[in-house]
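**Q** If it helps, the file is called final-v5.cif and holds mmCIF, C-alpha atoms and all ligand atoms:
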```
data_model
loop_
_atom_site.label_atom_id
_atom_site.label_comp_id
_atom_site.auth_asym_id
_atom_site.auth_seq_id
_atom_site.Cartn_x
_atom_site.Cartn_y
_atom_site.Cartn_z
CA MET A 1 -5.80 8.09 -12.55
CA HIS A 2 -3.27 7.83 -9.69
CA VAL A 3 -4.73 6.92 -6.29
CA ILE A 4 -2.75 6.65 -3.06
CA LEU A 5 -3.88 4.53 -0.11
CA ILE A 6 -2.22 5.86 3.02
CA GLY A 7 -2.55 4.55 6.56
CA PRO A 8 -0.63 2.93 9.38
CA GLN A 9 0.54 -0.67 9.28
CA GLY A 10 -2.48 -2.93 9.66
CA SER A 11 -5.00 -0.30 8.56
CA GLY A 12 -5.95 -2.55 5.63
CA LYS A 13 -4.15 -0.98 2.67
CA GLY A 14 -3.15 -4.36 1.19
CA THR A 15 -6.55 -5.91 1.89
CA GLN A 16 -8.40 -3.02 0.27
CA SER A 17 -5.99 -2.57 -2.62
CA GLU A 18 -6.61 -6.14 -3.78
CA ARG A 19 -10.38 -5.46 -3.94
CA ILE A 20 -10.32 -1.92 -5.31
CA ARG A 21 -7.84 -2.32 -8.14
CA SER A 22 -10.00 -4.88 -9.92
CA GLN A 23 -13.20 -2.89 -9.39
CA LEU A 24 -11.65 0.29 -10.83
CA ASN A 25 -9.24 -1.24 -13.37
CA LEU A 26 -6.08 0.03 -11.73
CA THR A 27 -2.68 -1.61 -11.50
CA SER A 28 -1.38 -2.06 -7.98
CA ILE A 29 1.98 -0.51 -7.02
CA ALA A 30 2.61 -1.93 -3.55
CA THR A 31 6.19 -1.23 -2.47
CA GLY A 32 6.13 -3.69 0.47
CA GLU A 33 5.01 -6.44 -1.92
CA LEU A 34 7.74 -5.51 -4.42
CA PHE A 35 10.36 -5.69 -1.65
CA ARG A 36 9.06 -9.04 -0.37
CA SER A 37 9.25 -10.48 -3.86
CA ALA A 38 12.83 -9.15 -4.34
CA ILE A 39 13.84 -10.79 -1.02
CA LYS A 40 12.19 -14.07 -1.97
CA ASP A 41 13.85 -14.12 -5.41
CA GLY A 42 17.27 -13.40 -3.87
CA THR A 43 17.89 -10.50 -6.29
CA GLU A 44 20.70 -7.99 -5.61
CA LEU A 45 18.07 -5.54 -4.34
CA GLY A 46 16.60 -8.28 -2.12
CA LYS A 47 20.00 -8.92 -0.50
CA GLN A 48 20.54 -5.19 0.09
CA ILE A 49 17.22 -4.65 1.81
CA GLN A 50 16.49 -7.82 3.77
CA LEU A 51 18.01 -6.68 7.09
CA ILE A 52 16.34 -3.26 6.90
CA TYR A 53 13.01 -4.86 6.03
CA ASP A 54 13.10 -7.44 8.85
CA ARG A 55 13.85 -4.68 11.40
CA GLY A 56 10.71 -2.85 10.25
CA GLU A 57 12.69 0.18 9.05
CA LEU A 58 12.14 2.17 5.87
CA ILE A 59 14.09 1.21 2.75
CA PRO A 60 16.11 4.21 1.44
CA ASP A 61 14.13 6.55 -0.81
CA HIS A 62 16.35 6.16 -3.89
CA LEU A 63 15.76 2.38 -4.03
CA THR A 64 12.03 2.73 -3.40
CA VAL A 65 11.52 5.49 -5.96
CA ALA A 66 13.49 3.57 -8.63
CA LEU A 67 11.14 0.59 -8.20
CA VAL A 68 8.05 2.78 -8.48
CA GLU A 69 9.44 4.61 -11.51
CA GLU A 70 9.89 1.27 -13.26
CA ARG A 71 6.30 0.27 -12.46
CA ILE A 72 4.89 3.56 -13.74
CA ALA A 73 6.87 3.14 -16.97
CA ASN A 74 5.49 -0.43 -17.29
CA LEU A 75 1.96 0.88 -16.86
CA ALA A 76 2.48 3.51 -19.57
CA ARG A 77 3.84 0.83 -21.94
CA GLU A 78 0.86 -1.44 -21.24
CA GLN A 79 -1.55 1.45 -21.87
CA GLU A 80 0.18 2.24 -25.17
CA ARG A 81 -0.36 -1.38 -26.16
CA GLY A 82 -4.10 -0.96 -25.50
CA SER A 83 -4.39 -2.30 -21.95
CA PRO A 84 -7.74 -1.41 -20.30
CA LEU A 85 -5.92 -0.24 -17.12
CA VAL A 86 -6.86 3.35 -16.30
CA GLY A 87 -4.12 4.10 -13.79
CA ALA A 88 -2.32 3.03 -10.62
CA LEU A 89 -3.23 2.36 -7.02
CA TYR A 90 -0.29 3.05 -4.69
CA ASP A 91 -0.22 0.98 -1.50
CA GLY A 92 2.52 1.83 1.01
CA PHE A 93 4.00 4.56 -1.20
CA PRO A 94 4.82 7.40 -0.71
CA ARG A 95 5.90 7.22 2.96
CA THR A 96 8.20 10.22 3.19
CA TYR A 97 8.20 13.78 1.90
CA GLY A 98 11.07 12.83 -0.42
CA GLN A 99 9.01 10.00 -1.94
CA ALA A 100 5.94 12.24 -2.33
CA ASP A 101 8.06 14.87 -4.13
CA ALA A 102 9.55 12.18 -6.36
CA LEU A 103 6.10 10.82 -7.26
CA ASP A 104 4.85 14.32 -8.14
CA ARG A 105 7.89 14.79 -10.39
CA LEU A 106 7.53 11.39 -12.09
CA LEU A 107 3.87 12.06 -12.85
CA ALA A 108 4.43 15.68 -13.91
CA ASP A 109 6.99 14.43 -16.47
CA ARG A 110 4.09 12.52 -18.03
CA GLY A 111 1.64 15.43 -17.76
CA GLU A 112 -0.20 13.64 -14.96
CA ALA A 113 -0.78 14.15 -11.22
CA VAL A 114 -2.04 12.33 -8.13
CA THR A 115 -5.82 12.11 -8.48
CA SER A 116 -6.83 11.27 -4.94
CA VAL A 117 -5.43 10.16 -1.62
CA ILE A 118 -7.41 7.97 0.77
CA ALA A 119 -6.28 7.99 4.40
CA ILE A 120 -7.50 4.91 6.29
CA ASP A 121 -7.99 5.68 10.01
CA VAL A 122 -7.80 2.85 12.57
CA PRO A 123 -7.00 3.09 16.33
CA ARG A 124 -3.59 1.76 17.42
CA GLU A 125 -4.95 -1.03 19.65
CA THR A 126 -6.94 -2.44 16.71
CA LEU A 127 -3.82 -2.27 14.51
CA MET A 128 -1.78 -4.29 17.02
CA ARG A 129 -4.53 -6.95 17.18
CA ARG A 130 -4.86 -7.17 13.42
CA LEU A 131 -1.11 -7.48 12.81
CA ALA A 132 -0.75 -10.23 15.41
CA GLY A 133 -3.41 -12.23 13.53
CA ARG A 134 -2.29 -11.44 9.99
CA ARG A 135 -1.33 -14.29 7.67
CA VAL A 136 -0.35 -13.99 4.00
CA CYS A 137 -0.33 -16.50 1.14
CA ALA A 138 3.31 -17.21 0.26
CA VAL A 139 2.36 -17.79 -3.39
CA CYS A 140 -0.24 -15.18 -4.45
CA GLY A 141 0.05 -12.68 -1.56
CA ARG A 142 -3.61 -12.77 -0.53
CA VAL A 143 -3.98 -11.36 2.99
CA TYR A 144 -5.93 -13.17 5.75
CA ASN A 145 -6.51 -12.75 9.47
CA VAL A 146 -6.87 -15.70 11.83
CA ASP A 147 -9.45 -13.76 13.89
CA PHE A 148 -11.32 -11.59 11.36
CA ASP A 149 -10.87 -13.14 7.91
CA PRO A 150 -9.42 -16.68 8.04
CA PRO A 151 -8.92 -18.96 5.01
CA THR A 152 -11.59 -21.66 4.67
CA ILE A 153 -9.03 -24.44 5.31
CA ASP A 154 -6.51 -23.60 8.04
CA ALA A 155 -3.22 -22.23 6.56
CA VAL A 156 -4.27 -22.97 2.94
CA CYS A 157 -5.02 -20.13 0.51
CA ASP A 158 -8.60 -20.05 -0.83
CA THR A 159 -7.41 -18.52 -4.10
CA CYS A 160 -4.36 -20.59 -5.10
CA ARG A 161 -4.02 -23.33 -2.42
CA GLY A 162 -0.58 -21.95 -1.44
CA PRO A 163 0.66 -22.01 2.19
CA VAL A 164 -0.67 -19.15 4.35
CA LEU A 165 2.11 -17.89 6.68
CA GLN A 166 3.01 -15.12 9.13
CA ARG A 167 5.16 -12.27 7.71
CA ALA A 168 8.80 -11.97 8.90
CA ASP A 169 8.24 -8.35 10.00
CA ASP A 170 5.08 -9.06 12.03
CA THR A 171 7.02 -9.57 15.28
CA GLN A 172 5.85 -7.40 18.17
CA GLU A 173 9.12 -5.43 18.14
CA ALA A 174 9.09 -4.70 14.39
CA VAL A 175 5.37 -3.84 14.46
CA GLY A 176 5.91 -1.26 17.25
CA LYS A 177 8.81 0.27 15.33
CA ARG A 178 6.80 0.46 12.09
CA LEU A 179 3.88 2.19 13.82
CA ASP A 180 6.22 4.76 15.41
CA LEU A 181 7.91 5.37 12.05
CA TYR A 182 4.51 5.90 10.47
CA GLU A 183 3.70 8.70 12.95
CA LEU A 184 7.08 10.31 12.39
CA GLU A 185 7.62 10.01 8.64
CA THR A 186 4.29 9.29 6.95
CA ALA A 187 1.49 10.88 9.00
CA PRO A 188 2.68 14.41 7.99
CA LEU A 189 1.92 13.50 4.37
CA VAL A 190 -1.76 13.25 5.26
CA GLU A 191 -1.73 16.97 6.12
CA ARG A 192 0.15 17.77 2.93
CA TYR A 193 -2.44 16.05 0.74
CA ALA A 194 -5.28 17.65 2.75
CA GLU A 195 -3.77 21.06 1.97
CA GLU A 196 -3.62 20.10 -1.72
CA GLY A 197 -7.37 19.37 -1.56
CA ILE A 198 -7.11 15.75 -2.73
CA LEU A 199 -7.47 13.88 0.58
CA THR A 200 -10.45 11.86 1.86
CA ARG A 201 -10.37 10.26 5.32
CA VAL A 202 -12.12 6.90 5.63
CA ASP A 203 -12.98 5.10 8.87
CA GLY A 204 -11.12 1.78 8.55
CA ASP A 205 -12.37 0.35 11.84
CA ARG A 206 -15.38 -1.38 10.26
CA VAL A 207 -16.03 -4.63 8.42
CA ILE A 208 -13.87 -5.05 5.33
CA ASP A 209 -16.74 -4.66 2.80
CA SER A 210 -17.91 -1.35 4.31
CA VAL A 211 -14.38 0.04 4.13
CA THR A 212 -14.13 -1.03 0.46
CA ASP A 213 -17.44 0.68 -0.39
CA ALA A 214 -16.36 3.90 1.34
CA ILE A 215 -13.01 3.96 -0.48
CA VAL A 216 -14.51 3.25 -3.91
CA ALA A 217 -17.11 6.01 -3.37
CA ALA A 218 -14.39 8.45 -2.28
CA ILE A 219 -12.24 7.69 -5.34
CA GLN A 220 -15.18 8.02 -7.71
CA GLU A 221 -16.20 11.32 -6.15
CA ARG A 222 -12.77 12.78 -6.84
CA ILE A 223 -12.45 11.72 -10.47
CA PRO A 224 -13.79 15.05 -11.87
CA VAL A 225 -11.19 16.89 -9.76
CA VAL A 226 -8.40 15.39 -11.92
CA ALA A 227 -9.14 17.67 -14.78
CA THR A 228 -8.79 20.80 -12.68
CA ARG A 229 -5.95 19.95 -10.29
CA GLY A 230 -2.79 21.89 -10.93
CA ARG A 231 -4.40 24.36 -13.34
P1 LIG B 1 4.23 -3.02 3.66
O1 LIG B 1 4.09 -4.36 3.10
O2 LIG B 1 3.71 -1.87 2.90
O3 LIG B 1 3.66 -3.09 5.09
P2 LIG B 1 3.04 -1.96 6.02
O4 LIG B 1 2.93 -0.58 5.58
O5 LIG B 1 3.86 -2.20 7.18
O6 LIG B 1 1.57 -2.23 5.95
P3 LIG B 1 0.97 -3.55 6.29
O7 LIG B 1 1.09 -4.48 5.09
O8 LIG B 1 1.58 -4.04 7.57
O9 LIG B 1 -0.52 -3.18 6.59
P4 LIG B 1 -1.75 -2.96 5.64
O10 LIG B 1 -2.29 -1.61 5.87
O11 LIG B 1 -1.47 -3.35 4.21
O12 LIG B 1 -2.77 -3.99 6.30
P5 LIG B 1 -3.34 -5.38 5.74
O13 LIG B 1 -4.26 -5.15 4.61
O14 LIG B 1 -2.25 -6.38 5.55
O15 LIG B 1 5.78 -2.69 3.98
C1 LIG B 1 6.63 -3.64 4.61
C2 LIG B 1 8.03 -3.06 4.72
O16 LIG B 1 8.56 -2.75 3.40
C3 LIG B 1 8.17 -1.74 5.50
O17 LIG B 1 8.26 -1.97 6.89
C4 LIG B 1 9.46 -1.18 4.90
O18 LIG B 1 10.60 -1.84 5.39
C5 LIG B 1 9.32 -1.56 3.45
N1 LIG B 1 8.63 -0.52 2.65
C6 LIG B 1 7.42 -0.65 2.02
N2 LIG B 1 7.09 0.48 1.39
C7 LIG B 1 8.11 1.36 1.63
C8 LIG B 1 8.34 2.71 1.23
N3 LIG B 1 7.45 3.39 0.48
N4 LIG B 1 9.47 3.30 1.67
C9 LIG B 1 10.38 2.64 2.41
N5 LIG B 1 10.22 1.36 2.83
C10 LIG B 1 9.09 0.73 2.43
O19 LIG B 1 -4.24 -5.78 7.01
C11 LIG B 1 -3.64 -6.16 8.24
C12 LIG B 1 -4.46 -7.30 8.87
O20 LIG B 1 -5.75 -6.79 9.26
C13 LIG B 1 -4.76 -8.47 7.93
O21 LIG B 1 -4.67 -9.67 8.65
C14 LIG B 1 -6.17 -8.24 7.43
O22 LIG B 1 -6.86 -9.45 7.15
C15 LIG B 1 -6.81 -7.53 8.63
N6 LIG B 1 -7.81 -6.53 8.25
C16 LIG B 1 -7.70 -5.60 7.27
N7 LIG B 1 -8.82 -4.82 7.23
C17 LIG B 1 -9.63 -5.28 8.24
C18 LIG B 1 -10.93 -4.89 8.72
N8 LIG B 1 -11.63 -3.87 8.18
N9 LIG B 1 -11.45 -5.57 9.77
C19 LIG B 1 -10.75 -6.63 10.34
N10 LIG B 1 -9.54 -7.04 9.92
C20 LIG B 1 -8.98 -6.37 8.88
#
```
Represent the structure of the file as structure tokens.
Ligand code: AP5
**A**
Amino acid sequence: MHVILIGPQGSGKGTQSERIRSQLNLTSIATGELFRSAIKDGTELGKQIQLIYDRGELIPDHLTVALVEERIANLAREQERGSPLVGALYDGFPRTYGQADALDRLLADRGEAVTSVIAIDVPRETLMRRLAGRRVCAVCGRVYNVDFDPPTIDAVCDTCRGPVLQRADDTQEAVGKRLDLYELETAPLVERYAEEGILTRVDGDRVIDSVTDAIVAAIQERIPVVATRGR
């Protein structure tokens, strides 16, 4: 099963992905998270991408696709070793036509295909408010919001007790740029997946639990479609 969460910055992809992957036994492939960890570890990739990332621009497709390819191969290896994981949940990928084509090719090589795509809809003014209040655990990556979903103890992660901080790309300037880029590069993918018949739109402007329930129901509804897609 390969499920894509698509939506503008702040729509709740990361928040929902954390909840859904454990409920449905999926591994998370979150490209933003992979880039943040490469930057933090000071890897060669991290050094190459830091400036692009901090400006809120998209990392070049070839670097992004290579990371995802590696994660898909890891998943296949884990499954061969008997892991109970049933597939992948993509958060923040694909974001361009080139990435969507690459994902289709990677999966087709394995005789698989994208199972379902969930588009999370949230109005722009809500997105700006959410991103201004977003805080993330520097150790385990759990996402919080000072207004809507704060940690129990200020700036301390409920899960691992790590420090809860603001992201480097959550400045007003970078947020505006990322939202514009979403409209330009990523929103057209929503139409593409609608035409393929695998898209469900979910209202993301509700309490977090209701959004989770709607997404899980939408994914489960589409599972039988897997067998027929592409035939
Ligand atoms: P990435 O980490 O993917 O960031 P993003 O797409 O900019 O998405 P966000 O993480 O900002 O938003 P989200 O939808 O996950 O919202 P969240 O759950 O945190 O990418 C970062 C950068 O990496 C990119 O700018 C780019 O440079 C690079 N990159 C990544 N993928 C790439 C790719 N494929 N190609 C090229 N470059 C790539 O929620 C936001 C806030 O709202 C939180 O505080 C949360 O608590 C709160 N919240 C969530 N849901 C609700 C709700 N229902 N009600 C109230 N508050 C809520």
**Q** In terms of the shortest atom-to-atom distance over only C-alpha atoms, which of A:Ile52, A:Ile20, A:Val86, A:Ala100 is closest to Phe35 (chain A)?
**A**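 Of A:Ile52, A:Ile20, A:Val86, A:Ala100, the one nearest Phe35 (chain A), counting only C-alpha atoms, is A:Ile52.
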**Q** Any idea what's packed within 12 Å of Leu181 (chain A), counting only C-alpha atoms, ignoring anything in its chain fewer than 5 positions away? Could you give it as an mmCIF file with C-alpha atoms, keeping the file's coordinate frame?
**A**
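So the final result, stored in result-v8.cif, reads:
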```cif
data_model
loop_
_atom_site.group_PDB
_atom_site.id
_atom_site.type_symbol
_atom_site.label_atom_id
_atom_site.label_comp_id
_atom_site.auth_asym_id
_atom_site.auth_seq_id
_atom_site.Cartn_x
_atom_site.Cartn_y
_atom_site.Cartn_z
ATOM 1 C CA GLY A 7 -2.550 4.550 6.560
ATOM 2 C CA PRO A 8 -0.630 2.930 9.380
ATOM 3 C CA GLN A 9 0.540 -0.670 9.280
ATOM 4 C CA ARG A 55 13.850 -4.680 11.400
ATOM 5 C CA GLY A 56 10.710 -2.850 10.250
ATOM 6 C CA GLU A 57 12.690 0.180 9.050
ATOM 7 C CA LEU A 58 12.140 2.170 5.870
ATOM 8 C CA ILE A 59 14.090 1.210 2.750
ATOM 9 C CA ARG A 95 5.900 7.220 2.960
ATOM 10 C CA THR A 96 8.200 10.220 3.190
ATOM 11 C CA ALA A 174 9.090 -4.700 14.390
ATOM 12 C CA VAL A 175 5.370 -3.840 14.460
ATOM 13 C CA GLY A 176 5.910 -1.260 17.250
ATOM 14 C CA THR A 186 4.290 9.290 6.950
ATOM 15 C CA ALA A 187 1.490 10.880 9.000
ATOM 16 C CA PRO A 188 2.680 14.410 7.990
#
```
**Q** Interatomic distance between atom C10 of ligand LIG 1 (chain B) and CA of Ile223 (chain A)?
**A**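 Atom-to-atom, atom C10 of ligand LIG 1 (chain B) to CA of Ile223 (chain A), that is 27.4 Å.
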**Q** So that I can check the surroundings of region 65-78 of chain A, please list as a ChimeraX atom specification every protein, DNA and RNA residue that reaches within 9 Å of it, counting all atoms listed in the file and ignoring chain neighbours fewer than 4 positions away.
**A** /A:27,29-31,34,60-61,82-85,87-88,93-94,99,102-103,106-107
**Q** May I have the selected residues written with C-alpha atoms, as an mmCIF file, in the coordinates of the input?
**A**
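Generated output (again.cif):
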```
data_model
loop_
_atom_site.group_PDB
_atom_site.id
_atom_site.type_symbol
_atom_site.label_atom_id
_atom_site.label_comp_id
_atom_site.auth_asym_id
_atom_site.auth_seq_id
_atom_site.Cartn_x
_atom_site.Cartn_y
_atom_site.Cartn_z
ATOM 1 C CA THR A 27 -2.680 -1.610 -11.500
ATOM 2 C CA ILE A 29 1.980 -0.510 -7.020
ATOM 3 C CA ALA A 30 2.610 -1.930 -3.550
ATOM 4 C CA THR A 31 6.190 -1.230 -2.470
ATOM 5 C CA LEU A 34 7.740 -5.510 -4.420
ATOM 6 C CA PRO A 60 16.110 4.210 1.440
ATOM 7 C CA ASP A 61 14.130 6.550 -0.810
ATOM 8 C CA GLY A 82 -4.100 -0.960 -25.500
ATOM 9 C CA SER A 83 -4.390 -2.300 -21.950
ATOM 10 C CA PRO A 84 -7.740 -1.410 -20.300
ATOM 11 C CA LEU A 85 -5.920 -0.240 -17.120
ATOM 12 C CA GLY A 87 -4.120 4.100 -13.790
ATOM 13 C CA ALA A 88 -2.320 3.030 -10.620
ATOM 14 C CA PHE A 93 4.000 4.560 -1.200
ATOM 15 C CA PRO A 94 4.820 7.400 -0.710
ATOM 16 C CA GLN A 99 9.010 10.000 -1.940
ATOM 17 C CA ALA A 102 9.550 12.180 -6.360
ATOM 18 C CA LEU A 103 6.100 10.820 -7.260
ATOM 19 C CA LEU A 106 7.530 11.390 -12.090
ATOM 20 C CA LEU A 107 3.870 12.060 -12.850
#
```
**Q** Edge lengths and centre in Å to one decimal, as AutoDock Vina command-line options, of the axis-aligned box that encloses all listed atoms of ligand LIG 1 (chain B) with 8 Å added on every side?
**A**
```
--center_x -0.5 --center_y -3.1 --center_z 5.4 --size_x 38.2 --size_y 29.1 --size_z 25.9
```
**Q** Atom C4 of ligand LIG 1 (chain B) to CA of Leu199 (chain A): how many Å, to one decimal?
**A**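 Distance between the two atoms: 23.1 Å.
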**Q** Have a look at A:Pro150, A:Gly42, A:Gly92, A:Gly98 and name the one nearest to ligand LIG 1 (chain B); count all atoms listed in the file.
**A**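 Selected residue with least distance to ligand LIG 1 (chain B): A:Gly92.
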**Q** Could you tell me which of A:Gly197, A:Gly141, A:Pro163, A:Gly111 comes closest to ligand LIG 1 (chain B) if we count all atoms listed in the file?
**A** A:Gly141
**Q** Let me make sure I understand: among A:Leu45, A:Tyr97, A:Asp203, A:Thr64, which one has the smallest atom-to-atom distance to Leu184 (chain A) if we use all atoms listed in the file?
**A**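 Of all the options, A:Tyr97 lies closest to Leu184 (chain A).
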**Q** Out of A:Leu89, A:Val190, A:Val211, A:Val146, which residue has the shortest atom-to-atom distance to Val114 (chain A) when counting all atoms listed in the file?
**A**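 The answer is A:Leu89, which sits nearest to Val114 (chain A).
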**Q** What lies within 7 Å of Ile198 (chain A) using all atoms listed in the file, ignoring chain neighbours under 5 positions off, as a list in words?
**A**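 Returned residues: Thr115, Ser116, Val117 and Tyr193 of chain A.
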**Q** Write out as a ChimeraX atom specification the residues lying within 12 Å of Asp170 (chain A), counting only C-alpha atoms and excluding same-chain residues fewer than 4 positions away.
**A** /A:9-10,53-56,127-136,165-166,174-179
**Q** Please determine the residues with any atom at most 9 Å from (-5.0, -7.0, 4.0) (coordinates as given in the file, with all atoms listed in the file counting) and report them as a PDB file with C-alpha atoms, in the coordinates of the input.
**A**
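Printed below is point-v4.pdb as written:
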```pdb
ATOM      1  CA  GLY A  10      -2.480  -2.930   9.660  1.00  0.00           C
ATOM      2  CA  SER A  11      -5.000  -0.300   8.560  1.00  0.00           C
ATOM      3  CA  GLY A  12      -5.950  -2.550   5.630  1.00  0.00           C
ATOM      4  CA  LYS A  13      -4.150  -0.980   2.670  1.00  0.00           C
ATOM      5  CA  GLY A  14      -3.150  -4.360   1.190  1.00  0.00           C
ATOM      6  CA  THR A  15      -6.550  -5.910   1.890  1.00  0.00           C
ATOM      7  CA  GLN A  16      -8.400  -3.020   0.270  1.00  0.00           C
ATOM      8  CA  SER A  17      -5.990  -2.570  -2.620  1.00  0.00           C
ATOM      9  CA  GLU A  18      -6.610  -6.140  -3.780  1.00  0.00           C
ATOM     10  CA  ARG A 134      -2.290 -11.440   9.990  1.00  0.00           C
ATOM     11  CA  ARG A 135      -1.330 -14.290   7.670  1.00  0.00           C
ATOM     12  CA  VAL A 136      -0.350 -13.990   4.000  1.00  0.00           C
ATOM     13  CA  ARG A 142      -3.610 -12.770  -0.530  1.00  0.00           C
ATOM     14  CA  VAL A 143      -3.980 -11.360   2.990  1.00  0.00           C
ATOM     15  CA  TYR A 144      -5.930 -13.170   5.750  1.00  0.00           C
ATOM     16  CA  ASN A 145      -6.510 -12.750   9.470  1.00  0.00           C
TER      17      ASN A 145
END
```
**Q** Rounded to one decimal in Å, what is the spacing between atom N10 of ligand LIG 1 (chain B) and CA of Arg19 (chain A)?
**A**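 Those two atoms sit 14.0 Å apart.
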**Q** Using all atoms listed in the file, can you tell me which of A:Thr212, A:Gln220, A:Thr152, A:Thr200 comes closest to ligand LIG 1 (chain B)?
**A**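 Closest to ligand LIG 1 (chain B) of all the choices is A:Thr212.
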**Q** Set the distance at 12 Å and use only C-alpha atoms: which residues neighbour Glu44 (chain A) once local chain neighbours fewer than 6 positions away are removed? I'd like the list as number ranges by chain.
**A** A: 35, 37-38, 50, 63
**Q** Pull C-alpha atoms from the residues just selected and write them as an mmCIF file, in the frame of the given file.
**A**
```
data_model
loop_
_atom_site.group_PDB
_atom_site.id
_atom_site.type_symbol
_atom_site.label_atom_id
_atom_site.label_comp_id
_atom_site.auth_asym_id
_atom_site.auth_seq_id
_atom_site.Cartn_x
_atom_site.Cartn_y
_atom_site.Cartn_z
ATOM 1 C CA PHE A 35 10.360 -5.690 -1.650
ATOM 2 C CA SER A 37 9.250 -10.480 -3.860
ATOM 3 C CA ALA A 38 12.830 -9.150 -4.340
ATOM 4 C CA GLN A 50 16.490 -7.820 3.770
ATOM 5 C CA LEU A 63 15.760 2.380 -4.030
#
```
